[in-house]
$ cat structure.txt   # compact mmCIF, C-alpha atoms and all ligand atoms
# COMPACT_ATOMS: atom_id res chain seq x y z
CA MET A 1 -185.62 -355.11 -141.64
CA ASP A 2 -185.36 -356.27 -145.29
CA LEU A 3 -185.41 -353.47 -147.88
CA LEU A 4 -185.20 -353.33 -151.64
CA LEU A 5 -183.70 -350.50 -153.68
CA ILE A 6 -185.04 -350.76 -157.18
CA GLY A 7 -184.45 -348.53 -160.19
CA PRO A 8 -182.67 -348.11 -163.51
CA PRO A 9 -178.91 -348.38 -164.01
CA GLY A 10 -177.11 -345.31 -162.68
CA VAL A 11 -180.00 -344.04 -160.56
CA GLY A 12 -177.89 -344.31 -157.39
CA LYS A 13 -178.91 -347.66 -155.89
CA GLY A 14 -175.33 -348.53 -154.90
CA THR A 15 -174.60 -345.03 -153.60
CA GLN A 16 -177.75 -344.95 -151.48
CA ALA A 17 -177.53 -348.59 -150.33
CA ALA A 18 -174.09 -347.89 -148.84
CA ARG A 19 -175.50 -344.88 -146.98
CA LEU A 20 -178.55 -346.85 -145.72
CA ARG A 21 -176.21 -349.60 -144.53
CA GLN A 22 -174.40 -347.03 -142.40
CA ALA A 23 -177.57 -345.32 -141.19
CA LEU A 24 -179.50 -348.50 -140.36
CA GLY A 25 -176.65 -350.88 -139.47
CA ILE A 26 -177.76 -353.67 -141.81
CA PRO A 27 -175.62 -355.15 -144.61
CA HIS A 28 -175.87 -354.16 -148.27
CA LEU A 29 -176.20 -356.87 -150.92
CA SER A 30 -175.54 -355.81 -154.52
CA THR A 31 -175.99 -358.67 -156.99
CA GLY A 32 -174.05 -356.60 -159.59
CA ASP A 33 -171.01 -356.33 -157.26
CA LEU A 34 -171.33 -359.98 -156.29
CA LEU A 35 -171.46 -361.08 -159.94
CA ARG A 36 -168.43 -358.92 -160.82
CA ARG A 37 -166.53 -360.45 -157.91
CA HIS A 38 -167.46 -363.97 -159.06
CA ALA A 39 -166.44 -363.08 -162.64
CA ALA A 40 -163.05 -361.76 -161.49
CA GLU A 41 -162.48 -364.94 -159.47
CA GLY A 42 -163.62 -367.17 -162.38
CA THR A 43 -166.20 -369.07 -160.28
CA ARG A 44 -169.07 -371.10 -161.78
CA PHE A 45 -171.48 -368.15 -161.23
CA GLY A 46 -169.03 -365.61 -162.65
CA THR A 47 -168.16 -367.58 -165.76
CA ALA A 48 -171.83 -368.21 -166.61
CA ALA A 49 -172.80 -364.55 -166.01
CA ALA A 50 -169.92 -362.71 -167.72
CA ALA A 51 -171.20 -362.71 -171.33
CA HIS A 52 -174.71 -361.53 -170.29
CA MET A 53 -173.22 -358.68 -168.25
CA ARG A 54 -170.88 -357.58 -171.06
CA ARG A 55 -173.88 -357.27 -173.41
CA GLY A 56 -175.92 -355.39 -170.78
CA ASP A 57 -178.54 -358.16 -170.54
CA LEU A 58 -179.91 -359.60 -167.34
CA VAL A 59 -178.22 -362.74 -166.05
CA PRO A 60 -180.54 -365.82 -166.10
CA ASP A 61 -182.91 -366.01 -163.12
CA GLU A 62 -181.79 -369.44 -161.79
CA LEU A 63 -178.18 -368.36 -161.58
CA VAL A 64 -178.64 -364.97 -159.94
CA THR A 65 -181.32 -366.30 -157.57
CA GLU A 66 -179.16 -369.15 -156.27
CA MET A 67 -176.25 -366.76 -155.75
CA ALA A 68 -178.33 -364.05 -154.02
CA LEU A 69 -180.30 -366.40 -151.76
CA GLN A 70 -177.07 -368.01 -150.57
CA GLN A 71 -176.06 -364.58 -149.23
CA ILE A 72 -179.48 -363.63 -147.86
CA ARG A 73 -179.60 -366.88 -145.82
CA ASP A 74 -176.15 -366.16 -144.40
CA ARG A 75 -175.96 -365.35 -140.68
CA SER A 76 -174.60 -361.88 -141.48
CA CYS A 77 -178.00 -361.01 -143.04
CA ALA A 78 -180.17 -362.51 -140.28
CA ALA A 79 -181.31 -359.09 -138.97
CA GLY A 80 -182.15 -357.89 -142.49
CA VAL A 81 -180.42 -356.62 -145.60
CA VAL A 82 -180.51 -353.68 -148.03
CA LEU A 83 -181.07 -355.41 -151.38
CA ASP A 84 -179.58 -353.51 -154.33
CA GLY A 85 -180.48 -354.90 -157.75
CA PHE A 86 -182.20 -358.12 -156.63
CA PRO A 87 -184.92 -359.08 -157.45
CA ARG A 88 -185.27 -357.69 -161.00
CA THR A 89 -187.87 -360.10 -162.38
CA LEU A 90 -191.09 -361.65 -161.10
CA THR A 91 -189.43 -365.07 -160.92
CA GLN A 92 -186.67 -363.65 -158.69
CA ALA A 93 -189.25 -361.81 -156.55
CA GLU A 94 -191.22 -365.01 -155.95
CA ALA A 95 -188.06 -366.89 -154.94
CA LEU A 96 -187.12 -364.06 -152.56
CA ASP A 97 -190.55 -363.98 -150.91
CA THR A 98 -190.43 -367.75 -150.36
CA ALA A 99 -186.93 -367.63 -148.87
CA LEU A 100 -187.80 -364.72 -146.55
CA ALA A 101 -191.08 -366.32 -145.45
CA ALA A 102 -189.21 -369.56 -144.59
CA ALA A 103 -187.08 -367.48 -142.21
CA GLY A 104 -190.12 -365.64 -140.75
CA ARG A 105 -189.17 -362.44 -142.62
CA ARG A 106 -190.76 -360.29 -145.29
CA LEU A 107 -189.80 -357.33 -147.43
CA ALA A 108 -190.67 -354.16 -145.48
CA ALA A 109 -190.33 -351.70 -148.37
CA ALA A 110 -189.47 -351.50 -152.07
CA LEU A 111 -187.90 -348.09 -152.70
CA HIS A 112 -188.14 -347.13 -156.36
CA LEU A 113 -185.55 -344.50 -157.31
CA THR A 114 -186.19 -342.63 -160.53
CA ALA A 115 -184.35 -340.13 -162.78
CA PRO A 116 -184.62 -339.10 -166.46
CA ASP A 117 -182.67 -341.26 -169.00
CA GLN A 118 -180.41 -338.32 -169.90
CA THR A 119 -179.29 -338.03 -166.25
CA LEU A 120 -178.76 -341.79 -166.02
CA LEU A 121 -176.61 -341.93 -169.17
CA ARG A 122 -174.46 -339.05 -167.94
CA ARG A 123 -173.95 -340.72 -164.55
CA LEU A 124 -173.11 -344.11 -166.10
CA THR A 125 -170.70 -342.98 -168.80
CA GLY A 126 -168.82 -340.70 -166.36
CA ARG A 127 -168.62 -343.26 -163.53
CA ARG A 128 -165.20 -344.50 -162.48
CA THR A 129 -164.82 -347.23 -159.85
CA CYS A 130 -161.92 -348.07 -157.57
CA GLY A 131 -160.30 -351.39 -158.48
CA GLY A 132 -159.35 -351.84 -154.79
CA CYS A 133 -162.23 -350.92 -152.44
CA GLY A 134 -164.99 -350.49 -155.06
CA ASN A 135 -165.67 -346.84 -154.14
CA SER A 136 -167.53 -345.01 -156.91
CA TYR A 137 -166.61 -341.63 -158.49
CA HIS A 138 -167.74 -339.52 -161.42
CA LEU A 139 -165.57 -337.62 -163.90
CA ASP A 140 -167.59 -334.38 -163.47
CA ILE A 141 -169.93 -334.82 -160.53
CA ARG A 142 -167.86 -336.65 -157.91
CA LYS A 143 -164.18 -336.21 -158.73
CA PRO A 144 -161.43 -337.91 -156.71
CA ARG A 145 -158.89 -335.58 -155.07
CA THR A 146 -156.14 -336.94 -157.38
CA PRO A 147 -157.35 -337.70 -160.92
CA GLY A 148 -157.58 -341.46 -161.60
CA GLN A 149 -156.84 -342.43 -157.98
CA CYS A 150 -159.14 -343.53 -155.12
CA ASP A 151 -159.39 -341.14 -152.16
CA ASN A 152 -159.94 -344.10 -149.79
CA CYS A 153 -157.23 -346.59 -150.71
CA GLY A 154 -155.12 -345.00 -153.48
CA HIS A 155 -155.92 -347.71 -156.07
CA ARG A 156 -156.38 -346.85 -159.75
CA LEU A 157 -159.90 -345.91 -160.90
CA VAL A 158 -161.32 -347.91 -163.81
CA GLN A 159 -164.38 -347.69 -166.05
CA ARG A 160 -166.80 -350.62 -165.76
CA GLY A 161 -166.97 -352.61 -169.02
CA ASP A 162 -170.77 -352.10 -169.21
CA ASP A 163 -170.65 -348.30 -168.69
CA THR A 164 -170.11 -347.39 -172.37
CA ALA A 165 -172.96 -345.34 -173.90
CA GLU A 166 -174.00 -348.24 -176.14
CA THR A 167 -174.19 -350.89 -173.39
CA ALA A 168 -175.76 -348.44 -170.94
CA ARG A 169 -178.65 -348.00 -173.42
CA VAL A 170 -179.12 -351.78 -173.63
CA ARG A 171 -179.17 -351.94 -169.80
CA LEU A 172 -181.76 -349.16 -169.58
CA ALA A 173 -184.00 -350.98 -172.09
CA ALA A 174 -183.58 -354.31 -170.22
CA HIS A 175 -184.54 -352.56 -166.98
CA THR A 176 -187.71 -351.03 -168.47
CA ARG A 177 -188.76 -354.36 -170.01
CA GLN A 178 -188.15 -356.56 -166.96
CA THR A 179 -188.93 -354.31 -164.03
CA GLN A 180 -192.40 -352.94 -164.78
CA PRO A 181 -194.20 -356.14 -163.64
CA LEU A 182 -192.11 -356.08 -160.47
CA LEU A 183 -193.21 -352.53 -159.66
CA ALA A 184 -196.84 -353.53 -160.18
CA ARG A 185 -196.37 -356.47 -157.78
CA TYR A 186 -194.93 -354.29 -155.01
CA ARG A 187 -197.54 -351.58 -155.61
CA ARG A 188 -200.30 -354.17 -155.15
CA ALA A 189 -198.61 -355.37 -151.95
CA GLY A 190 -198.66 -351.76 -150.67
CA ILE A 191 -194.89 -351.60 -150.07
CA LEU A 192 -193.76 -349.58 -153.13
CA HIS A 193 -192.46 -346.04 -152.48
CA GLU A 194 -191.54 -343.72 -155.36
CA ILE A 195 -188.42 -341.66 -154.58
CA ASP A 196 -186.95 -338.89 -156.72
CA GLY A 197 -183.33 -339.93 -157.42
CA CYS A 198 -182.25 -336.49 -158.66
CA GLY A 199 -180.39 -333.87 -156.66
CA ASP A 200 -177.95 -333.95 -153.79
CA VAL A 201 -176.92 -337.44 -152.58
CA GLY A 202 -177.55 -336.52 -148.91
CA ASP A 203 -181.01 -335.13 -149.71
CA ILE A 204 -181.95 -338.38 -151.45
CA THR A 205 -180.79 -340.38 -148.39
CA ARG A 206 -182.99 -338.18 -146.20
CA ARG A 207 -185.98 -338.86 -148.51
CA LEU A 208 -185.37 -342.62 -148.17
CA LEU A 209 -184.96 -342.48 -144.39
CA ALA A 210 -188.16 -340.44 -144.03
CA VAL A 211 -190.10 -343.17 -145.84
CA LEU A 212 -188.40 -345.85 -143.71
CA ALA A 213 -188.91 -344.13 -140.34
CA PRO A 214 -192.13 -346.01 -139.41
CA HIS A 215 -190.51 -349.36 -140.32
CA ALA A 216 -187.36 -348.58 -138.32
CA THR A 217 -189.55 -347.92 -135.25
CA GLU A 218 -191.42 -351.19 -135.88
CA SER A 219 -188.19 -353.24 -135.95
CA ALA A 220 -186.85 -351.45 -132.87
CA THR A 221 -190.06 -352.33 -130.98
CA LEU A 222 -189.81 -355.98 -132.08
P1 LIG B 301 -175.54 -353.62 -161.34
O1 LIG B 301 -174.14 -353.52 -160.95
O2 LIG B 301 -176.59 -353.79 -160.31
O3 LIG B 301 -175.82 -352.38 -162.27
P2 LIG B 301 -177.12 -351.46 -162.47
O4 LIG B 301 -178.42 -351.91 -161.96
O5 LIG B 301 -177.09 -351.27 -163.93
O6 LIG B 301 -176.83 -350.29 -161.55
P3 LIG B 301 -175.50 -349.47 -161.46
O7 LIG B 301 -174.57 -350.15 -160.50
O8 LIG B 301 -174.97 -349.19 -162.81
O9 LIG B 301 -176.04 -348.11 -160.91
P4 LIG B 301 -176.57 -347.68 -159.49
O10 LIG B 301 -178.04 -347.47 -159.55
O11 LIG B 301 -176.05 -348.59 -158.40
O12 LIG B 301 -175.88 -346.26 -159.41
P5 LIG B 301 -174.58 -345.77 -158.62
O13 LIG B 301 -174.94 -345.57 -157.20
O14 LIG B 301 -173.40 -346.62 -158.93
O15 LIG B 301 -175.74 -354.80 -162.39
C1 LIG B 301 -174.85 -354.97 -163.46
C2 LIG B 301 -175.28 -356.16 -164.29
O16 LIG B 301 -175.31 -357.35 -163.49
C3 LIG B 301 -176.68 -356.09 -164.91
O17 LIG B 301 -176.67 -355.36 -166.12
C4 LIG B 301 -176.98 -357.58 -165.11
O18 LIG B 301 -176.31 -358.10 -166.22
C5 LIG B 301 -176.38 -358.22 -163.88
N1 LIG B 301 -177.33 -358.30 -162.74
C6 LIG B 301 -177.23 -357.72 -161.51
N2 LIG B 301 -178.27 -358.05 -160.73
C7 LIG B 301 -179.06 -358.87 -161.48
C8 LIG B 301 -180.30 -359.54 -161.25
N3 LIG B 301 -180.95 -359.44 -160.08
N4 LIG B 301 -180.83 -360.28 -162.25
C9 LIG B 301 -180.19 -360.42 -163.44
N5 LIG B 301 -179.03 -359.82 -163.73
C10 LIG B 301 -178.46 -359.04 -162.76
O19 LIG B 301 -174.42 -344.34 -159.30
C11 LIG B 301 -174.02 -344.22 -160.67
C12 LIG B 301 -173.09 -342.98 -160.83
O20 LIG B 301 -173.82 -341.81 -160.51
C13 LIG B 301 -171.86 -342.99 -159.89
O21 LIG B 301 -170.77 -342.39 -160.56
C14 LIG B 301 -172.31 -342.10 -158.70
O22 LIG B 301 -171.21 -341.47 -158.07
C15 LIG B 301 -173.22 -341.09 -159.42
N6 LIG B 301 -174.33 -340.64 -158.56
C16 LIG B 301 -175.10 -341.38 -157.71
N7 LIG B 301 -176.03 -340.61 -157.13
C17 LIG B 301 -175.87 -339.36 -157.63
C18 LIG B 301 -176.54 -338.12 -157.43
N8 LIG B 301 -177.60 -337.99 -156.58
N9 LIG B 301 -176.11 -337.05 -158.13
C19 LIG B 301 -175.06 -337.15 -158.98
N10 LIG B 301 -174.38 -338.29 -159.20
C20 LIG B 301 -174.78 -339.38 -158.55

$ encode --input "structure.txt" --output "structure tokens" --more "lines below"
Ligand code: AP5
Amino acid sequence: MDLLLIGPPGVGKGTQAARLRQALGIPHLSTGDLLRRHAAEGTRFGTAAAAHMRRGDLVPDELVTEMALQQIRDRSCAAGVVLDGFPRTLTQAEALDTALAAAGRRLAAALHLTAPDQTLLRRLTGRRTCGGCGNSYHLDIRKPRTPGQCDNCGHRLVQRGDDTAETARVRLAAHTRQTQPLLARYRRAGILHEIDGCGDVGDITRRLLAVLAPHATESATL
């Protein structure tokens, strides 16, 4: 089953995608994480994307699409994938549909998580991420047991370069500008589900799984 988590920066796509991966047993593909990994390793993708990401702008379609489709076509994603942050534009969505159709697959659901801007800015500016395993924390909402240190692997927690208040605002504006046409496309296709991204993390996962229940049965039958 191929699923898309869509929504503004900080709404919880990464948090929920990791939980869906566990619940459904399909891999999680975050283009943001992938781009950061490429940037840290200085690859062709990473070098070309770094300046766009620092400013809070979207990375050009051709670059992110080539990188994402490489992963989606990988054997590890053959039974489906939880897409987190890809596609974000109509051009990316068209490329995804074509690639899935070529493999006899299609997007089962686009899950649109929403929350007020004030909530998003608070989540983004307070987020701290583990430099080792990538686990995510929050200064007020989800504190590590030892300040500044990951509960999982003990590595130091760092603030993402694009999580300052100024860049977070640019990212929110970019999301609003680029994503509206995408929502309209998935609404027309009858696969868009609006999910409230506020409240307890576990409750939000339950909302997502409730929407996905009929699809999970479908894939089990197939
Ligand atoms: P990306 O890394 O995808 O960033 P984003 O979309 O801005 O999303 P975030 O990772 O910031 O937030 P999230 O929704 O995953 O929230 P999270 O679960 O972490 O992309 C970064 C950049 O890469 C983009 O700006 C762009 O430049 C580029 N890029 C990526 N994909 C691209 C594409 N397809 N095309 C072009 N460019 C692309 O949660 C946030 C915080 O809130 C955490 O601290 C978490 O612990 C906390 N939290 C989560 N849920 C809750 C809750 N229910 N209650 C309280 N706190 C919560």

$ closest_atom_pairs --input "structure.txt" --of "chain A" --to "ligand LIG 301 (chain B)" --cutoff "6 Å" --atoms "all atoms listed in the file" --output "JSON lines"
{"residue": "A:Pro8", "atom": "CA", "partner": "B:LIG301", "partner_atom": "O4", "distance": 5.9}
{"residue": "A:Pro9", "atom": "CA", "partner": "B:LIG301", "partner_atom": "O5", "distance": 3.4}
{"residue": "A:Gly10", "atom": "CA", "partner": "B:LIG301", "partner_atom": "O9", "distance": 3.5}
{"residue": "A:Val11", "atom": "CA", "partner": "B:LIG301", "partner_atom": "O10", "distance": 4.1}
{"residue": "A:Gly12", "atom": "CA", "partner": "B:LIG301", "partner_atom": "O13", "distance": 3.2}
{"residue": "A:Lys13", "atom": "CA", "partner": "B:LIG301", "partner_atom": "O10", "distance": 3.8}
{"residue": "A:Gly14", "atom": "CA", "partner": "B:LIG301", "partner_atom": "O11", "distance": 3.6}
{"residue": "A:Thr15", "atom": "CA", "partner": "B:LIG301", "partner_atom": "O13", "distance": 3.7}
{"residue": "A:Thr31", "atom": "CA", "partner": "B:LIG301", "partner_atom": "N2", "distance": 4.4}
{"residue": "A:Gly32", "atom": "CA", "partner": "B:LIG301", "partner_atom": "O1", "distance": 3.4}
{"residue": "A:Asp33", "atom": "CA", "partner": "B:LIG301", "partner_atom": "O1", "distance": 5.6}
{"residue": "A:His52", "atom": "CA", "partner": "B:LIG301", "partner_atom": "O18", "distance": 5.6}
{"residue": "A:Met53", "atom": "CA", "partner": "B:LIG301", "partner_atom": "O18", "distance": 3.7}
{"residue": "A:Gly56", "atom": "CA", "partner": "B:LIG301", "partner_atom": "O17", "distance": 4.7}
{"residue": "A:Asp57", "atom": "CA", "partner": "B:LIG301", "partner_atom": "O18", "distance": 4.9}
{"residue": "A:Leu58", "atom": "CA", "partner": "B:LIG301", "partner_atom": "N5", "distance": 3.7}
{"residue": "A:Val59", "atom": "CA", "partner": "B:LIG301", "partner_atom": "N5", "distance": 3.8}
{"residue": "A:Val64", "atom": "CA", "partner": "B:LIG301", "partner_atom": "N4", "distance": 5.7}
{"residue": "A:Gly85", "atom": "CA", "partner": "B:LIG301", "partner_atom": "O2", "distance": 4.8}
{"residue": "A:Phe86", "atom": "CA", "partner": "B:LIG301", "partner_atom": "N3", "distance": 3.9}
{"residue": "A:Pro87", "atom": "CA", "partner": "B:LIG301", "partner_atom": "N3", "distance": 4.8}
{"residue": "A:Arg88", "atom": "CA", "partner": "B:LIG301", "partner_atom": "N3", "distance": 4.8}
{"residue": "A:Arg123", "atom": "CA", "partner": "B:LIG301", "partner_atom": "O20", "distance": 4.2}
{"residue": "A:Leu124", "atom": "CA", "partner": "B:LIG301", "partner_atom": "C12", "distance": 5.4}
{"residue": "A:Arg127", "atom": "CA", "partner": "B:LIG301", "partner_atom": "O21", "distance": 3.8}
{"residue": "A:Ser136", "atom": "CA", "partner": "B:LIG301", "partner_atom": "O22", "distance": 5.2}
{"residue": "A:Tyr137", "atom": "CA", "partner": "B:LIG301", "partner_atom": "O22", "distance": 4.6}
{"residue": "A:His138", "atom": "CA", "partner": "B:LIG301", "partner_atom": "O21", "distance": 4.3}
{"residue": "A:Ile141", "atom": "CA", "partner": "B:LIG301", "partner_atom": "N10", "distance": 5.8}
{"residue": "A:Arg142", "atom": "CA", "partner": "B:LIG301", "partner_atom": "O22", "distance": 5.9}
{"residue": "A:Arg171", "atom": "CA", "partner": "B:LIG301", "partner_atom": "O17", "distance": 5.6}
{"residue": "A:Cys198", "atom": "CA", "partner": "B:LIG301", "partner_atom": "N8", "distance": 5.3}
{"residue": "A:Gly199", "atom": "CA", "partner": "B:LIG301", "partner_atom": "N8", "distance": 5.0}
{"residue": "A:Asp200", "atom": "CA", "partner": "B:LIG301", "partner_atom": "N8", "distance": 4.9}
{"residue": "A:Val201", "atom": "CA", "partner": "B:LIG301", "partner_atom": "N8", "distance": 4.1}

$ write_last_selection --input "structure.txt" --atoms "C-alpha atoms" --output "PDB file, in the coordinates of the input"
ATOM      1  CA  PRO A   8    -182.670-348.110-163.510  1.00  0.00           C
ATOM      2  CA  PRO A   9    -178.910-348.380-164.010  1.00  0.00           C
ATOM      3  CA  GLY A  10    -177.110-345.310-162.680  1.00  0.00           C
ATOM      4  CA  VAL A  11    -180.000-344.040-160.560  1.00  0.00           C
ATOM      5  CA  GLY A  12    -177.890-344.310-157.390  1.00  0.00           C
ATOM      6  CA  LYS A  13    -178.910-347.660-155.890  1.00  0.00           C
ATOM      7  CA  GLY A  14    -175.330-348.530-154.900  1.00  0.00           C
ATOM      8  CA  THR A  15    -174.600-345.030-153.600  1.00  0.00           C
ATOM      9  CA  THR A  31    -175.990-358.670-156.990  1.00  0.00           C
ATOM     10  CA  GLY A  32    -174.050-356.600-159.590  1.00  0.00           C
ATOM     11  CA  ASP A  33    -171.010-356.330-157.260  1.00  0.00           C
ATOM     12  CA  HIS A  52    -174.710-361.530-170.290  1.00  0.00           C
ATOM     13  CA  MET A  53    -173.220-358.680-168.250  1.00  0.00           C
ATOM     14  CA  GLY A  56    -175.920-355.390-170.780  1.00  0.00           C
ATOM     15  CA  ASP A  57    -178.540-358.160-170.540  1.00  0.00           C
ATOM     16  CA  LEU A  58    -179.910-359.600-167.340  1.00  0.00           C
ATOM     17  CA  VAL A  59    -178.220-362.740-166.050  1.00  0.00           C
ATOM     18  CA  VAL A  64    -178.640-364.970-159.940  1.00  0.00           C
ATOM     19  CA  GLY A  85    -180.480-354.900-157.750  1.00  0.00           C
ATOM     20  CA  PHE A  86    -182.200-358.120-156.630  1.00  0.00           C
ATOM     21  CA  PRO A  87    -184.920-359.080-157.450  1.00  0.00           C
ATOM     22  CA  ARG A  88    -185.270-357.690-161.000  1.00  0.00           C
ATOM     23  CA  ARG A 123    -173.950-340.720-164.550  1.00  0.00           C
ATOM     24  CA  LEU A 124    -173.110-344.110-166.100  1.00  0.00           C
ATOM     25  CA  ARG A 127    -168.620-343.260-163.530  1.00  0.00           C
ATOM     26  CA  SER A 136    -167.530-345.010-156.910  1.00  0.00           C
ATOM     27  CA  TYR A 137    -166.610-341.630-158.490  1.00  0.00           C
ATOM     28  CA  HIS A 138    -167.740-339.520-161.420  1.00  0.00           C
ATOM     29  CA  ILE A 141    -169.930-334.820-160.530  1.00  0.00           C
ATOM     30  CA  ARG A 142    -167.860-336.650-157.910  1.00  0.00           C
ATOM     31  CA  ARG A 171    -179.170-351.940-169.800  1.00  0.00           C
ATOM     32  CA  CYS A 198    -182.250-336.490-158.660  1.00  0.00           C
ATOM     33  CA  GLY A 199    -180.390-333.870-156.660  1.00  0.00           C
ATOM     34  CA  ASP A 200    -177.950-333.950-153.790  1.00  0.00           C
ATOM     35  CA  VAL A 201    -176.920-337.440-152.580  1.00  0.00           C
TER      36      VAL A 201
END

$ atom_distance --input "structure.txt" --atom1 "atom CA of His215 of chain A" --atom2 "atom CA of His193 of chain A"
12.8 Å

$ closest_residue --input "structure.txt" --among "A:Ala109, A:Thr125, A:Asn152, A:Ala78" --to "Leu209 of chain A" --atoms "all atoms listed in the file"
A:Ala109

$ closest_residue --input "structure.txt" --among "A:Gly126, A:Gly80, A:Pro181, A:Gly161" --to "Arg106 of chain A" --atoms "only C-alpha atoms"
A:Gly80

$ residues_around --input "structure.txt" --residues "Arg54 of chain A" --least-positions-apart "6" --cutoff "12 Å" --atoms "all atoms listed in the file" --output "VMD selection string"
chain A and resid 32 35 to 36 39 46 to 48 160 to 164 166 to 168 170 to 171

$ residues_around --input "structure.txt" --residues "Ala95 of chain A" --least-positions-apart "4" --cutoff "8 Å" --atoms "only C-alpha atoms" --output "PyMOL selection string"
chain A and resi 65+91+99

$ closest_residue --input "structure.txt" --among "A:Ala110, A:Ala68, A:Ala101, A:Leu3" --to "Tyr186 of chain A" --atoms "only C-alpha atoms"
A:Ala110

$ atom_distance --input "structure.txt" --atom1 "atom CA of Leu121 of chain A" --atom2 "atom CA of Ala93 of chain A"
26.7 Å

$ atom_distance --input "structure.txt" --atom1 "atom CA of Ser30 of chain A" --atom2 "atom CA of Leu4 of chain A"
10.4 Å

$ closest_residue --input "structure.txt" --among "A:Ala17, A:Cys150, A:Met67, A:Ile72" --to "Arg105 of chain A" --atoms "all atoms listed in the file"
A:Ile72

$ closest_residue --input "structure.txt" --among "A:Gln92, A:Thr43, A:Thr205, A:Ser76" --to "Glu62 of chain A" --atoms "all atoms listed in the file"
A:Gln92

$ closest_residue --input "structure.txt" --among "A:Leu20, A:Met1, A:Ala184, A:Ala173" --to "Ala79 of chain A" --atoms "all atoms listed in the file"
A:Met1

$ residues_around --input "structure.txt" --residues "Cys77 of chain A" --least-positions-apart "4" --cutoff "8 Å" --atoms "only C-alpha atoms" --output "count of residues only"
6

$ residues_around --input "structure.txt" --residues "Cys153 of chain A" --least-positions-apart "3" --cutoff "12 Å" --atoms "all atoms listed in the file" --output "VMD selection string"
chain A and resid 129 to 135 144 to 146 149 to 150 156 to 157

$ build_atoms --input "structure.txt" --residues "segment 206-217 of chain A" --atoms "N, CA, C and O atoms" --output "compact mmCIF listing (two decimals), in the coordinates of the input"
# COMPACT_ATOMS: atom_id res chain seq x y z
N ARG A 206 -181.99 -338.65 -147.18
CA ARG A 206 -182.99 -338.18 -146.20
C ARG A 206 -184.41 -338.55 -146.67
O ARG A 206 -185.26 -338.93 -145.86
N ARG A 207 -184.65 -338.47 -148.01
CA ARG A 207 -185.98 -338.86 -148.51
C ARG A 207 -186.24 -340.34 -148.20
O ARG A 207 -187.32 -340.73 -147.78
N LEU A 208 -185.21 -341.17 -148.41
CA LEU A 208 -185.37 -342.62 -148.17
C LEU A 208 -185.61 -342.88 -146.68
O LEU A 208 -186.50 -343.66 -146.31
N LEU A 209 -184.83 -342.24 -145.83
CA LEU A 209 -184.96 -342.48 -144.39
C LEU A 209 -186.31 -342.01 -143.86
O LEU A 209 -186.87 -342.61 -142.95
N ALA A 210 -186.84 -340.94 -144.47
CA ALA A 210 -188.16 -340.44 -144.03
C ALA A 210 -189.22 -341.50 -144.32
O ALA A 210 -190.09 -341.77 -143.48
N VAL A 211 -189.13 -342.14 -145.50
CA VAL A 211 -190.10 -343.17 -145.84
C VAL A 211 -189.94 -344.38 -144.92
O VAL A 211 -190.91 -345.06 -144.55
N LEU A 212 -188.68 -344.66 -144.51
CA LEU A 212 -188.40 -345.85 -143.71
C LEU A 212 -188.65 -345.65 -142.22
O LEU A 212 -188.67 -346.64 -141.47
N ALA A 213 -188.82 -344.42 -141.79
CA ALA A 213 -188.91 -344.13 -140.34
C ALA A 213 -189.93 -345.02 -139.62
O ALA A 213 -189.61 -345.61 -138.58
N PRO A 214 -191.16 -345.16 -140.14
CA PRO A 214 -192.13 -346.01 -139.41
C PRO A 214 -191.65 -347.45 -139.31
O PRO A 214 -191.86 -348.11 -138.28
N HIS A 215 -190.98 -347.97 -140.35
CA HIS A 215 -190.51 -349.36 -140.32
C HIS A 215 -189.38 -349.52 -139.32
O HIS A 215 -189.28 -350.53 -138.64
N ALA A 216 -188.49 -348.51 -139.25
CA ALA A 216 -187.36 -348.58 -138.32
C ALA A 216 -187.90 -348.67 -136.89
O ALA A 216 -187.41 -349.43 -136.07
N THR A 217 -188.95 -347.89 -136.59
CA THR A 217 -189.55 -347.92 -135.25
C THR A 217 -190.13 -349.30 -134.97
O THR A 217 -189.95 -349.87 -133.91
